[in-house]
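Engineer: I have a structure here, written as structure tokens, and I will follow up with some questions on it.
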Amino acid sequence: MTMDKDISPSRDEVADPDVIDANAHADLMADTQPAPISPPPVPQAAGTSRFHESARAQVQGAATYVDDIPEIKGTLHAAPILSTVAHGRLLSVDASAALAMPGVRDVILARDIPGDPVLGNFAHDEPVFAQDSVQHIGQVIGVVVADTVMQARRAARQVKCQIDALPAILNVHDALKAQSYVLPPVFVRRGDVQAALKTAAHTLHGTLEVGGQEHFYLEGQIAYVLPQEQNQWLVYSSTQHPGEIQHWVSHALSIDNHAVRVECRRMGGGFGGKETQSGHMAVWAAIAARKLKKPVKLRMDRDDDFLVTGKRHPFAYDYTVGFDDSGRITGLKLTMAVNCGFSADLSGPVADRAVFHADNAYFLEDVDIASYRCKTHTQSHTAFRGFGGPQGMIVIETIMGDIARQLGLDPLDVRRRNLYGTGERDVTHYQMKVEDNILEPLLLKLEQTSSYRLRKQSISAWNAASPVIQRGIALTPVKFGISFTATLFNQAGALVHVYTDGSCQVNHGGTEMGQGLNTKVCQIVADELGIAFESVLATASDTSKIPNASATAASAGTDLNARAAQYAARNVRDNLAQFVAGMDGCGAGAVSFRSGQVITPMGSRPFTEVVKLAYANRIQLWSDGFYRTPKIHYDKATLTGRPFYYFAYGAACTEVAIDTLTGESRVLKVDILHDVGNSINPAIDIGQIEGGFVQGMGWLTTEQLVWNDKGQLSTHAPSTYKIPTTGDVPEHFKVDLWPEPNREDNVFGSKAVGEPPLMLAISVFEALRDAVARARPGARVQLDAPATAENVLRALGRLDA
């Protein structure tokens with residue numbers, strides 16, 4: 001229906017703001033009668049595969065990242081001054097040579113910090129710049145500011161720091177001996193483990209070491225800080241947590257939060273490495289910008305990024321497990337030693353989540369878990385996809401494999417005997433009831449679709465005829481809890497604006513790092529308003545729009561932000577429904593929105609027309625939305641309660657081959673069945689599953705972090721640190737989605753998909769251990785992660801321990 005009459009009021013009309021003239025209303029109604037109901041069938045936006053909202057721009061090189069923002073006149077560049085000693089007293093800093101170099105404007109040190117010299121994080125244990133001591137090689141002592149990037153970097157190398165070296169603790173074993181901790185140890189116990197182990201039919205004792213992982217985001221760490229009027233600051237940051245950047249910068253500058261605005265349109269990858277660590281760049285750049293009264297950009301060199309920023313936490317384990325003749329666990333005593341680096345950062349919640357996930361998919365009746373948060377003189381380790389969950393799961397999967405080989409049973413059968421039950425054996429060691437358990441049918445389905453049993457027979461036949469190349473296979477489950485373990489972060493806000501042409505803009509507190517969050521949010525908002533996906537635009541994350549937003553982490557980005565955006569859109573829709581119901585003389589509940597039409601029992605109108613009518617009648621066309629996750633609670637002192645809203649499940653069957661002469665390995669086949677609930681965007685979800693699996697595969701096979709005996713990270717560049725490439729992805733890589741909605745009331749019935757798939761890659765590690773075991777019948781498999789060629793050879797007994 002077209003509109004021939006201008007219904008916009010003249011600016012000089014005077015009327016009661018709450019009353020529409022009866023005659024005018026009658027005229028308006030005459031021109032806005034609904035058409036017969038015949039909206040064209042348009043598929044809903046959610047539940048279908050849609051292109052990533054930035055995909056075309058990214059392919060064309062037109063998507064803007066922080067370093068693409070045009071630099072305003074007078075922009076200076078900063079580069080960090082790094083400690084070359086792992087632990088020592090910082091006696092002096094001589095910057096004279098650097099200051100004499102061309103283009104150098106200043107050297108910024110701890111004395112130049114206007115606010116607190118310690119970062120504004122919860123532990124308050126990490127200095128902005130090193131002051132009296134240094135705690136790791138690569139710790140930032142200050143920054144050099146110059147006219148160009150390369151001038152700043154060259155000058156930073158010329159700053160001479162006098163450091164009196166002190167003894168350094170470089171591994172968790174030495175930290176445990178010295179009782180060197182960033183946080184107190186945590187203990188979680190259920191039942192009587194000592195009695196259970198004493199009466200167990202069988203017991204095993206074992207150890208395991210699992211290395212860390214570099215985030216290796218495509219876009220490195222960067223911040224661009226611009227002074228504004230009246231001591232206000234604009235910060236462009238590649239960050240997963242704009243709210244924390246705002247807090248940290250205001251804390252360091254000793255100003256109110258409202259004086260700092262942080263914006264992030266997108267990141268070129270984050271994986272947890274930009275949850276807290278991006279805050280350092282912003283603070284360093286802001287301090288320099290304040291002193292020099294100039295815009296300052298700090299873009300980290302990749303080598304410096306490796307040396308400065310934290311990694312996935314390395315873990316060391318010691319366990320004793322009791323079990324019966326069928327392989328069912330009857331008691332478990334487990335010690336986790338977490339390498340946290342020199343400060344707490346997020347080590348507390350990471351280590352807590354590892355404790356929460358030490359069961360993975362299995363019921364542990366009598367269990368005693370000790371978690372030691374060790375302080376070492378290395379980079380402060382931080383969030384990484386899975387956030388401690390992978391480190392918790394891998395040890396119990398190792399134990400399952402060990403039990404099976406000890407008893408001569410199939411590892412899958414042992415795993416299935418230990419699964420959580422339904423109505424029994426369904427309470428975790430931290431006292432949360434598992435109410436949405438689909439583990440048994442999911443594993444059974446994948447066992448069938450992957451032809452697991454037949455392939456085991458084929459592998460045995462292959463190995464019998466192949467003395468050098470040995471194959472292995474494993475099918476492992478995943479049960480991953482979804483919610484921030486810090487309960488207060490489980491909240492989100494959003495704004496939805498509908499414009500008079502019917503287009504819609506949405507802003508929320510989440511950040512886009514390539515995972516498709518903005519795309520999913522737009523799909524949800526489009527369906528809530530009954531308009532086309534293409535009519536909805538998501539804008540940059542901005543602390544001046546959504547305050548106090550949580551980090552985009554814990555796989556909760558869509559759960560939180562899409563739900564908040566849905567509520568905001570629903571408020572606008574309800575306003576429009578009430579307005580249209582008034583015109584058509586029906587109840588607001590009888591008004592529906594779909595296919596770009598607003599439909600009542602009287603007929604339908606185009607959404608665009610309704611919006612124009614509503615505006616003319618002063619109906620609010622924008623709204624906010626807020627969501628907080630229900631049901632969750634837990635006692636931080638005892639680590640008991642319900643820390644998670646629901647669990648995401650999955651399983652992977654992986655076949656591998658190892659060369660017993662060189663230790664080299666290859667992943668041959670992968671079959672995945674994963675639970676994402678009702679998928680909001682199947683293409684994006686499958687992409688996340690594939691990417692998460694490959695990243696987890698890298699963690700457990702090729703990505704080895706090596707510190708030398710002086711505390712220097714030797715693997716600090718692509719030449720020495722090996723992430724997976726396309727050549728490492730197997731030709732047979734099959735992903736299926738479990739066909740069931742989330743049993744909890746989550747947005748669209750979906751489930752989180754960011755982190756859980758990474759842990760599917762534990763099947764790679766277990767398959768490698770299976771191959772080693774087949775190559776050494778009867779021998780105990782001792783393989784540490786990552787399973788590099790060297791570690792595989794050592795497990796095969798071809799290298800000294």
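Within each chain, counting starts at residue 1; across the structure tokens, chains are named A, B, ... in the order shown, with ligands numbered 1 upward in that order.
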From a backbone DSSP assignment, name each residue in region 49-219 of chain A labelled strand (DSSP E), as number ranges by chain.
Structural biologist: A: 76-82, 88-94, 104-108, 133-134, 140-146, 160-165, 181-190, 202-210
Engineer: Write out the residues from the selection above, keeping C-alpha atoms, as a compact mmCIF listing (two decimals), in the first residue's frame.
Structural biologist:
# COMPACT_ATOMS: atom_id res chain seq x y z
CA LEU A 76 52.56 9.30 17.44
CA HIS A 77 53.57 5.66 17.74
CA ALA A 78 54.68 3.71 20.79
CA ALA A 79 56.83 0.60 21.19
CA PRO A 80 57.56 -1.36 24.38
CA ILE A 81 60.84 -1.56 26.30
CA LEU A 82 61.20 -5.19 27.37
CA GLY A 88 65.64 -9.32 39.03
CA ARG A 89 65.90 -5.91 40.67
CA LEU A 90 65.42 -3.04 38.26
CA LEU A 91 68.18 -0.64 39.26
CA SER A 92 68.06 1.99 36.51
CA VAL A 93 66.78 2.85 33.04
CA ASP A 94 69.05 4.82 30.69
CA VAL A 104 61.82 10.06 19.16
CA ARG A 105 59.54 12.25 21.28
CA ASP A 106 59.74 10.72 24.75
CA VAL A 107 60.26 7.63 26.88
CA ILE A 108 57.35 6.82 29.19
CA SER A 133 61.70 -5.44 39.90
CA VAL A 134 61.12 -7.46 36.74
CA VAL A 140 57.23 -4.07 29.76
CA ILE A 141 59.35 -1.48 31.58
CA GLY A 142 58.07 1.48 29.57
CA VAL A 143 57.36 2.64 26.04
CA VAL A 144 59.23 4.77 23.55
CA VAL A 145 57.11 7.26 21.62
CA ALA A 146 58.18 8.45 18.18
CA LYS A 160 69.57 0.30 28.54
CA CYS A 161 68.10 -1.28 31.68
CA GLN A 162 70.37 -2.22 34.56
CA ILE A 163 68.91 -5.32 36.22
CA ASP A 164 70.39 -7.31 39.09
CA ALA A 165 69.36 -10.89 38.32
CA TYR A 181 51.45 -19.26 44.25
CA VAL A 182 49.57 -16.34 42.67
CA LEU A 183 46.41 -17.45 44.51
CA PRO A 184 45.76 -19.94 47.31
CA PRO A 185 45.24 -23.61 46.42
CA VAL A 186 41.69 -24.90 46.01
CA PHE A 187 40.38 -28.31 47.07
CA VAL A 188 37.15 -30.02 46.03
CA ARG A 189 36.22 -33.33 47.62
CA ARG A 190 33.28 -35.73 47.58
CA HIS A 202 42.34 -52.11 40.55
CA THR A 203 44.35 -48.92 40.93
CA LEU A 204 46.58 -46.93 38.62
CA HIS A 205 48.93 -44.07 39.30
CA GLY A 206 50.00 -41.71 36.55
CA THR A 207 51.32 -38.30 35.58
CA LEU A 208 50.68 -36.06 32.61
CA GLU A 209 52.02 -32.74 31.36
CA VAL A 210 50.08 -30.55 28.94
Engineer: So that each row is one residue of region 578-666 of chain A with an atom at most 10 Å from region 729-733 of chain A, can you give its shortest atom pair and the distance in Å to one decimal, using only C-alpha atoms, rows by chain and rising number, as a Markdown table?
Structural biologist:
| residue | atom | partner | partner_atom | distance |
| --- | --- | --- | --- | --- |
| A:Thr654 | CA | A:Phe733 | CA | 9.4 |
| A:Glu655 | CA | A:Pro730 | CA | 9.7 |
| A:Val656 | CA | A:Pro730 | CA | 9.7 |
| A:Arg666 | CA | A:Pro730 | CA | 8.3 |
Engineer: Those residues with N, CA, C and O atoms, as a PDB file, in the first residue's frame please?
Structural biologist:
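Below you can see selection_25.pdb, which holds the result:
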ATOM      1  N   THR A 654      38.248 -39.907  15.816  1.00  0.00           N
ATOM      2  CA  THR A 654      39.420 -39.507  15.044  1.00  0.00           C
ATOM      3  C   THR A 654      40.334 -40.698  14.810  1.00  0.00           C
ATOM      4  O   THR A 654      40.598 -41.485  15.725  1.00  0.00           O
ATOM      5  N   GLU A 655      40.806 -40.793  13.578  1.00  0.00           N
ATOM      6  CA  GLU A 655      41.773 -41.824  13.205  1.00  0.00           C
ATOM      7  C   GLU A 655      43.086 -41.140  12.829  1.00  0.00           C
ATOM      8  O   GLU A 655      43.082 -40.142  12.110  1.00  0.00           O
ATOM      9  N   VAL A 656      44.197 -41.677  13.316  1.00  0.00           N
ATOM     10  CA  VAL A 656      45.513 -41.078  13.078  1.00  0.00           C
ATOM     11  C   VAL A 656      46.497 -42.149  12.624  1.00  0.00           C
ATOM     12  O   VAL A 656      46.236 -43.346  12.735  1.00  0.00           O
ATOM     13  N   ARG A 666      49.918 -37.929  11.605  1.00  0.00           N
ATOM     14  CA  ARG A 666      48.947 -37.280  10.723  1.00  0.00           C
ATOM     15  C   ARG A 666      47.540 -37.704  11.138  1.00  0.00           C
ATOM     16  O   ARG A 666      47.310 -38.868  11.475  1.00  0.00           O
TER      17      ARG A 666
END
Engineer: Write out as CSV the residues of region 69-178 of chain A that have any atom within 12 Å of an atom of region 236-249 of chain A, one row each with the nearest atom pair and its distance in Å to one decimal, counting only C-alpha atoms, sorted by chain and then rising number.
Structural biologist:
residue,atom,partner,partner_atom,distance
A:Ile69,CA,A:Tyr236,CA,8.9
A:Pro70,CA,A:Tyr236,CA,11.7
A:Glu71,CA,A:Tyr236,CA,11.4
A:Ile113,CA,A:Val249,CA,10.8
A:Pro114,CA,A:Val249,CA,10.8
A:Gly115,CA,A:Val249,CA,9.4
A:Asp116,CA,A:Trp248,CA,9.8
A:Pro117,CA,A:Trp248,CA,10.9
A:Val118,CA,A:Trp248,CA,9.6
A:Leu119,CA,A:Trp248,CA,6.4
A:Gly120,CA,A:Trp248,CA,5.2
A:Asn121,CA,A:Trp248,CA,7.4
A:Phe122,CA,A:Trp248,CA,10.8
A:His124,CA,A:Trp248,CA,11.1
A:Glu126,CA,A:Trp248,CA,11.9
A:Pro127,CA,A:Trp248,CA,11.8
A:Val128,CA,A:Trp248,CA,9.9
Engineer: Go ahead and write the residues just picked, all heavy atoms, as a tab-separated table (two decimals), in the first residue's frame.
Structural biologist:
chain	number	residue	atom	x	y	z
A	69	ILE	N	42.01	2.45	10.68
A	69	ILE	CA	41.37	3.73	10.96
A	69	ILE	C	42.32	4.85	10.55
A	69	ILE	O	43.49	4.86	10.96
A	69	ILE	CB	41.04	3.85	12.46
A	69	ILE	CG1	40.01	2.77	12.86
A	69	ILE	CG2	40.50	5.25	12.81
A	69	ILE	CD1	39.81	2.64	14.35
A	70	PRO	N	41.89	5.80	9.73
A	70	PRO	CA	42.79	6.89	9.31
A	70	PRO	C	43.35	7.63	10.53
A	70	PRO	O	42.60	8.00	11.45
A	70	PRO	CB	41.88	7.80	8.48
A	70	PRO	CG	40.78	6.90	8.01
A	70	PRO	CD	40.56	5.90	9.10
A	71	GLU	N	44.66	7.79	10.53
A	71	GLU	CA	45.31	8.46	11.66
A	71	GLU	C	45.13	9.97	11.54
A	71	GLU	O	45.37	10.55	10.48
A	71	GLU	CB	46.80	8.10	11.69
A	71	GLU	CG	47.04	6.63	11.96
A	71	GLU	CD	48.50	6.22	11.75
A	71	GLU	OE1	49.33	7.13	11.52
A	71	GLU	OE2	48.79	5.02	11.80
A	113	ILE	N	52.98	7.68	35.23
A	113	ILE	CA	51.59	7.22	35.40
A	113	ILE	C	50.86	8.19	36.33
A	113	ILE	O	51.23	8.34	37.49
A	113	ILE	CB	51.55	5.79	35.99
A	113	ILE	CG1	52.34	4.82	35.10
A	113	ILE	CG2	50.11	5.32	36.15
A	113	ILE	CD1	52.56	3.46	35.73
A	114	PRO	N	49.79	8.83	35.87
A	114	PRO	CA	49.10	9.79	36.73
A	114	PRO	C	48.24	9.14	37.80
A	114	PRO	O	47.96	9.75	38.83
A	114	PRO	CB	48.23	10.58	35.74
A	114	PRO	CG	48.08	9.71	34.56
A	114	PRO	CD	49.29	8.85	34.48
A	115	GLY	N	47.78	7.93	37.57
A	115	GLY	CA	46.92	7.25	38.53
A	115	GLY	C	47.65	6.13	39.24
A	115	GLY	O	48.84	6.23	39.55
A	116	ASP	N	46.96	5.04	39.48
A	116	ASP	CA	47.52	3.89	40.19
A	116	ASP	C	48.56	3.22	39.31
A	116	ASP	O	48.27	2.88	38.16
A	116	ASP	CB	46.39	2.92	40.52
A	116	ASP	CG	46.80	1.82	41.49
A	116	ASP	OD1	48.01	1.56	41.61
A	116	ASP	OD2	45.90	1.21	42.09
A	117	PRO	N	49.76	2.98	39.81
A	117	PRO	CA	50.78	2.30	39.00
A	117	PRO	C	50.54	0.80	38.84
A	117	PRO	O	51.29	0.13	38.15
A	117	PRO	CB	52.07	2.55	39.79
A	117	PRO	CG	51.63	2.72	41.20
A	117	PRO	CD	50.28	3.39	41.13
A	118	VAL	N	49.48	0.29	39.48
A	118	VAL	CA	49.11	-1.11	39.35
A	118	VAL	C	47.82	-1.18	38.53
A	118	VAL	O	46.91	-0.38	38.72
A	118	VAL	CB	48.92	-1.77	40.73
A	118	VAL	CG1	48.51	-3.24	40.59
A	118	VAL	CG2	50.20	-1.66	41.54
A	119	LEU	N	47.76	-2.14	37.61
A	119	LEU	CA	46.58	-2.27	36.76
A	119	LEU	C	45.31	-2.50	37.59
A	119	LEU	O	45.36	-3.12	38.66
A	119	LEU	CB	46.76	-3.44	35.78
A	119	LEU	CG	47.76	-3.21	34.64
A	119	LEU	CD1	48.02	-4.51	33.90
A	119	LEU	CD2	47.26	-2.14	33.68
A	120	GLY	N	44.19	-2.04	37.04
A	120	GLY	CA	42.93	-2.11	37.76
A	120	GLY	C	42.22	-3.43	37.65
A	120	GLY	O	40.99	-3.45	37.49
A	121	ASN	N	42.94	-4.54	37.75
A	121	ASN	CA	42.28	-5.85	37.70
A	121	ASN	C	41.93	-6.31	39.11
A	121	ASN	O	42.31	-5.69	40.10
A	121	ASN	CB	43.15	-6.89	36.98
A	121	ASN	CG	44.53	-7.03	37.60
A	121	ASN	OD1	44.75	-6.67	38.75
A	121	ASN	ND2	45.46	-7.57	36.83
A	122	PHE	N	41.20	-7.42	39.20
A	122	PHE	CA	40.63	-7.80	40.49
A	122	PHE	C	41.71	-8.17	41.51
A	122	PHE	O	41.56	-7.92	42.70
A	122	PHE	CB	39.63	-8.95	40.31
A	122	PHE	CG	40.27	-10.31	40.25
A	122	PHE	CD1	40.35	-11.11	41.36
A	122	PHE	CD2	40.81	-10.80	39.05
A	122	PHE	CE1	40.95	-12.37	41.30
A	122	PHE	CE2	41.40	-12.03	38.99
A	122	PHE	CZ	41.46	-12.83	40.11
A	124	HIS	N	44.81	-6.99	41.61
A	124	HIS	CA	45.64	-5.81	41.87
A	124	HIS	C	47.08	-6.22	42.17
A	124	HIS	O	47.70	-5.79	43.14
A	124	HIS	CB	45.06	-5.00	43.04
A	124	HIS	CG	45.46	-3.56	43.02
A	124	HIS	ND1	46.29	-2.99	43.98
A	124	HIS	CD2	45.17	-2.56	42.15
A	124	HIS	CE1	46.48	-1.71	43.70
A	124	HIS	NE2	45.81	-1.42	42.60
A	126	GLU	N	49.49	-6.65	39.34
A	126	GLU	CA	50.31	-6.53	38.13
A	126	GLU	C	50.60	-5.06	37.85
A	126	GLU	O	49.68	-4.27	37.60
A	126	GLU	CB	49.58	-7.16	36.94
A	126	GLU	CG	50.42	-7.20	35.68
A	126	GLU	CD	49.75	-7.98	34.56
A	126	GLU	OE1	48.72	-8.63	34.79
A	126	GLU	OE2	50.29	-7.94	33.43
A	127	PRO	N	51.87	-4.66	37.89
A	127	PRO	CA	52.19	-3.25	37.64
A	127	PRO	C	51.95	-2.85	36.19
A	127	PRO	O	52.10	-3.67	35.28
A	127	PRO	CB	53.68	-3.16	38.00
A	127	PRO	CG	54.20	-4.54	37.79
A	127	PRO	CD	53.08	-5.46	38.16
A	128	VAL	N	51.57	-1.60	35.98
A	128	VAL	CA	51.41	-1.08	34.62
A	128	VAL	C	52.75	-1.18	33.89
A	128	VAL	O	52.83	-1.72	32.79
A	128	VAL	CB	50.91	0.37	34.66
A	128	VAL	CG1	50.90	0.96	33.24
A	128	VAL	CG2	49.52	0.45	35.28
Engineer: Using only C-alpha atoms, what does the table of region 254-364 of chain A residues within 6 Å of region 412-429 of chain A look like, with each row giving the shortest atom pair and its distance in Å to one decimal, sorted by chain and ascending number, as CSV?
Structural biologist:
residue,atom,partner,partner_atom,distance
A:Gly327,CA,A:Val414,CA,5.4
A:Arg328,CA,A:Asn418,CA,5.5
A:Ala361,CA,A:Leu419,CA,5.6
A:Tyr362,CA,A:Leu419,CA,4.4
A:Phe363,CA,A:Tyr420,CA,5.0
Engineer: Any chance you could tabulate, as a tab-separated table, the residues of region 379-398 of chain A at most 12 Å from region 483-493 of chain A with each one's nearest atom pair and distance in Å to one decimal, using only C-alpha atoms, in chain and rising number order?
Structural biologist:
residue	atom	partner	partner_atom	distance
A:Gly386	CA	A:Phe484	CA	11.4
A:Phe387	CA	A:Phe484	CA	10.0
A:Gly388	CA	A:Thr485	CA	11.1
A:Gly389	CA	A:Thr485	CA	11.4
Engineer: Please provide as a list in words all residues within 8 Å of Ala354 (chain A), with the sequence filter that same-chain residues fewer than 2 positions apart are discarded (counting only C-alpha atoms).
Structural biologist: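 The filter keeps Val350, Ala351, Asp352, Phe356, His357, Ala358, Phe387, Gly388, Gly389, Pro390, Gln391, Gly392 and Met393 of chain A.
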Engineer: Take the selection from the previous step and output its residues with N, CA and C atoms, as a short mmCIF file (atom, residue, chain, number, x, y, z; two decimals), in the first residue's frame.
Structural biologist:
data_model
loop_
_atom_site.label_atom_id
_atom_site.label_comp_id
_atom_site.auth_asym_id
_atom_site.auth_seq_id
_atom_site.Cartn_x
_atom_site.Cartn_y
_atom_site.Cartn_z
N VAL A 350 40.16 -19.65 35.52
CA VAL A 350 40.63 -20.69 34.59
C VAL A 350 40.86 -21.99 35.35
N ALA A 351 41.57 -21.90 36.48
CA ALA A 351 41.84 -23.10 37.28
C ALA A 351 40.55 -23.66 37.87
N ASP A 352 39.61 -22.80 38.25
CA ASP A 352 38.33 -23.26 38.75
C ASP A 352 37.58 -24.06 37.69
N PHE A 356 36.06 -27.80 37.58
CA PHE A 356 34.67 -28.11 37.21
C PHE A 356 34.59 -29.14 36.08
N HIS A 357 35.60 -29.15 35.19
CA HIS A 357 35.54 -30.03 34.03
C HIS A 357 36.47 -31.24 34.14
N ALA A 358 36.97 -31.50 35.33
CA ALA A 358 37.80 -32.68 35.52
C ALA A 358 36.99 -33.97 35.39
N PHE A 387 39.09 -22.03 28.29
CA PHE A 387 39.24 -21.37 29.59
C PHE A 387 39.40 -22.35 30.74
N GLY A 388 40.34 -23.29 30.59
CA GLY A 388 40.57 -24.29 31.63
C GLY A 388 39.80 -25.58 31.41
N GLY A 389 38.70 -25.50 30.67
CA GLY A 389 37.93 -26.72 30.39
C GLY A 389 38.74 -27.79 29.69
N PRO A 390 39.50 -27.44 28.63
CA PRO A 390 40.31 -28.47 27.97
C PRO A 390 41.32 -29.11 28.90
N GLN A 391 41.91 -28.28 29.78
CA GLN A 391 42.92 -28.82 30.70
C GLN A 391 42.29 -29.73 31.74
N GLY A 392 41.01 -29.49 32.08
CA GLY A 392 40.33 -30.40 32.98
C GLY A 392 39.94 -31.69 32.30
N MET A 393 39.44 -31.59 31.07
CA MET A 393 38.93 -32.78 30.37
C MET A 393 40.03 -33.74 29.94
#
Engineer: Which residues, written as a list in words, have at least one atom at most 7 Å from Tyr430 (chain A), with only C-alpha atoms counted and residues fewer than 6 positions away on the same chain left out?
Structural biologist: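 The residues satisfying every condition are Phe356, Leu639, Thr640 and Gly641 of chain A.
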Engineer: Emit the selected residues as an mmCIF file, in the first residue's frame, including N, CA and C atoms.
Structural biologist:
data_model
loop_
_atom_site.group_PDB
_atom_site.id
_atom_site.type_symbol
_atom_site.label_atom_id
_atom_site.label_comp_id
_atom_site.auth_asym_id
_atom_site.auth_seq_id
_atom_site.Cartn_x
_atom_site.Cartn_y
_atom_site.Cartn_z
ATOM 1 N N PHE A 356 36.056 -27.797 37.578
ATOM 2 C CA PHE A 356 34.668 -28.110 37.214
ATOM 3 C C PHE A 356 34.594 -29.140 36.084
ATOM 4 N N LEU A 639 33.424 -24.105 45.860
ATOM 5 C CA LEU A 639 33.232 -24.456 44.450
ATOM 6 C C LEU A 639 32.091 -25.462 44.290
ATOM 7 N N THR A 640 30.980 -25.188 44.973
ATOM 8 C CA THR A 640 29.805 -26.028 44.846
ATOM 9 C C THR A 640 28.593 -25.171 44.494
ATOM 10 N N GLY A 641 27.643 -25.770 43.781
ATOM 11 C CA GLY A 641 26.428 -25.063 43.392
ATOM 12 C C GLY A 641 26.090 -25.356 41.944
#
Engineer: With only C-alpha atoms as the counted atoms, please give the residues lying no more than 9 Å from Ser54 (chain A), apart from itself and same-chain residues fewer than 4 positions off, as JSON, numbers by chain.
Structural biologist: {"A": [58, 59, 63, 514, 516, 519]}
Engineer: May I have the residues within 8 Å of Arg266 (chain A) as a PyMOL selection string, using only C-alpha atoms and disregarding those fewer than 4 positions away in the same chain?
Structural biologist: chain A and resi 64-65+238+511-514+540
Engineer: Between A:Ser49, A:Thr662, A:Gln194, A:Thr788, which is the closest to Gly322 (chain A) once you count only C-alpha atoms?
Structural biologist: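 Using only C-alpha atoms, the shortest distance to Gly322 (chain A) belongs to A:Gln194.
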Engineer: Taking only C-alpha atoms into account, name the residue in A:Gly557, A:Pro477, A:Pro411, A:Gly270 that is nearest to Leu442 (chain A).
Structural biologist: A:Pro477
Engineer: Can you check which parts of region 425-533 of chain A lie within 9 Å of region 673-683 of chain A? Per residue, the shortest pair of atoms and distance in Å to one decimal, counting only C-alpha atoms, sorted by chain and number, as JSON lines.
Structural biologist:
{"residue": "A:Leu442", "atom": "CA", "partner": "A:Leu673", "partner_atom": "CA", "distance": 7.4}
{"residue": "A:Leu443", "atom": "CA", "partner": "A:Leu673", "partner_atom": "CA", "distance": 8.4}
{"residue": "A:Lys445", "atom": "CA", "partner": "A:Leu673", "partner_atom": "CA", "distance": 8.3}
{"residue": "A:Leu446", "atom": "CA", "partner": "A:Leu673", "partner_atom": "CA", "distance": 6.3}
{"residue": "A:Val478", "atom": "CA", "partner": "A:His674", "partner_atom": "CA", "distance": 8.9}
{"residue": "A:Gly516", "atom": "CA", "partner": "A:Asn681", "partner_atom": "CA", "distance": 8.9}
{"residue": "A:Thr519", "atom": "CA", "partner": "A:Asn681", "partner_atom": "CA", "distance": 8.5}
{"residue": "A:Lys520", "atom": "CA", "partner": "A:Ile680", "partner_atom": "CA", "distance": 6.5}
{"residue": "A:Gln523", "atom": "CA", "partner": "A:Ile680", "partner_atom": "CA", "distance": 7.7}
{"residue": "A:Ile524", "atom": "CA", "partner": "A:Ile680", "partner_atom": "CA", "distance": 8.0}
Engineer: Write the selection just made, keeping C-alpha atoms, as an mmCIF file, in the first residue's frame?
Structural biologist:
data_model
loop_
_atom_site.group_PDB
_atom_site.id
_atom_site.type_symbol
_atom_site.label_atom_id
_atom_site.label_comp_id
_atom_site.auth_asym_id
_atom_site.auth_seq_id
_atom_site.Cartn_x
_atom_site.Cartn_y
_atom_site.Cartn_z
ATOM 1 C CA LEU A 442 24.883 -39.074 21.141
ATOM 2 C CA LEU A 443 27.839 -41.429 21.551
ATOM 3 C CA LYS A 445 24.813 -42.412 17.163
ATOM 4 C CA LEU A 446 28.385 -41.355 16.388
ATOM 5 C CA VAL A 478 32.527 -33.520 25.502
ATOM 6 C CA GLY A 516 29.568 -14.404 13.688
ATOM 7 C CA THR A 519 25.259 -11.976 12.254
ATOM 8 C CA LYS A 520 23.329 -14.094 14.744
ATOM 9 C CA GLN A 523 19.005 -12.780 12.583
ATOM 10 C CA ILE A 524 17.268 -12.816 15.968
#
Engineer: Select, from A:Ala370, A:Met697, A:Ile222, A:Val781, the residue with the minimum atom-to-atom distance to Thr398 (chain A), counting only C-alpha atoms.
Structural biologist: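 Nearest to Thr398 (chain A): A:Val781.
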Engineer: For Gly509 (chain A), which residue among A:Cys264, A:Cys374, A:Ala474, A:Val308 is the nearest when counting only C-alpha atoms?
Structural biologist: A:Cys264
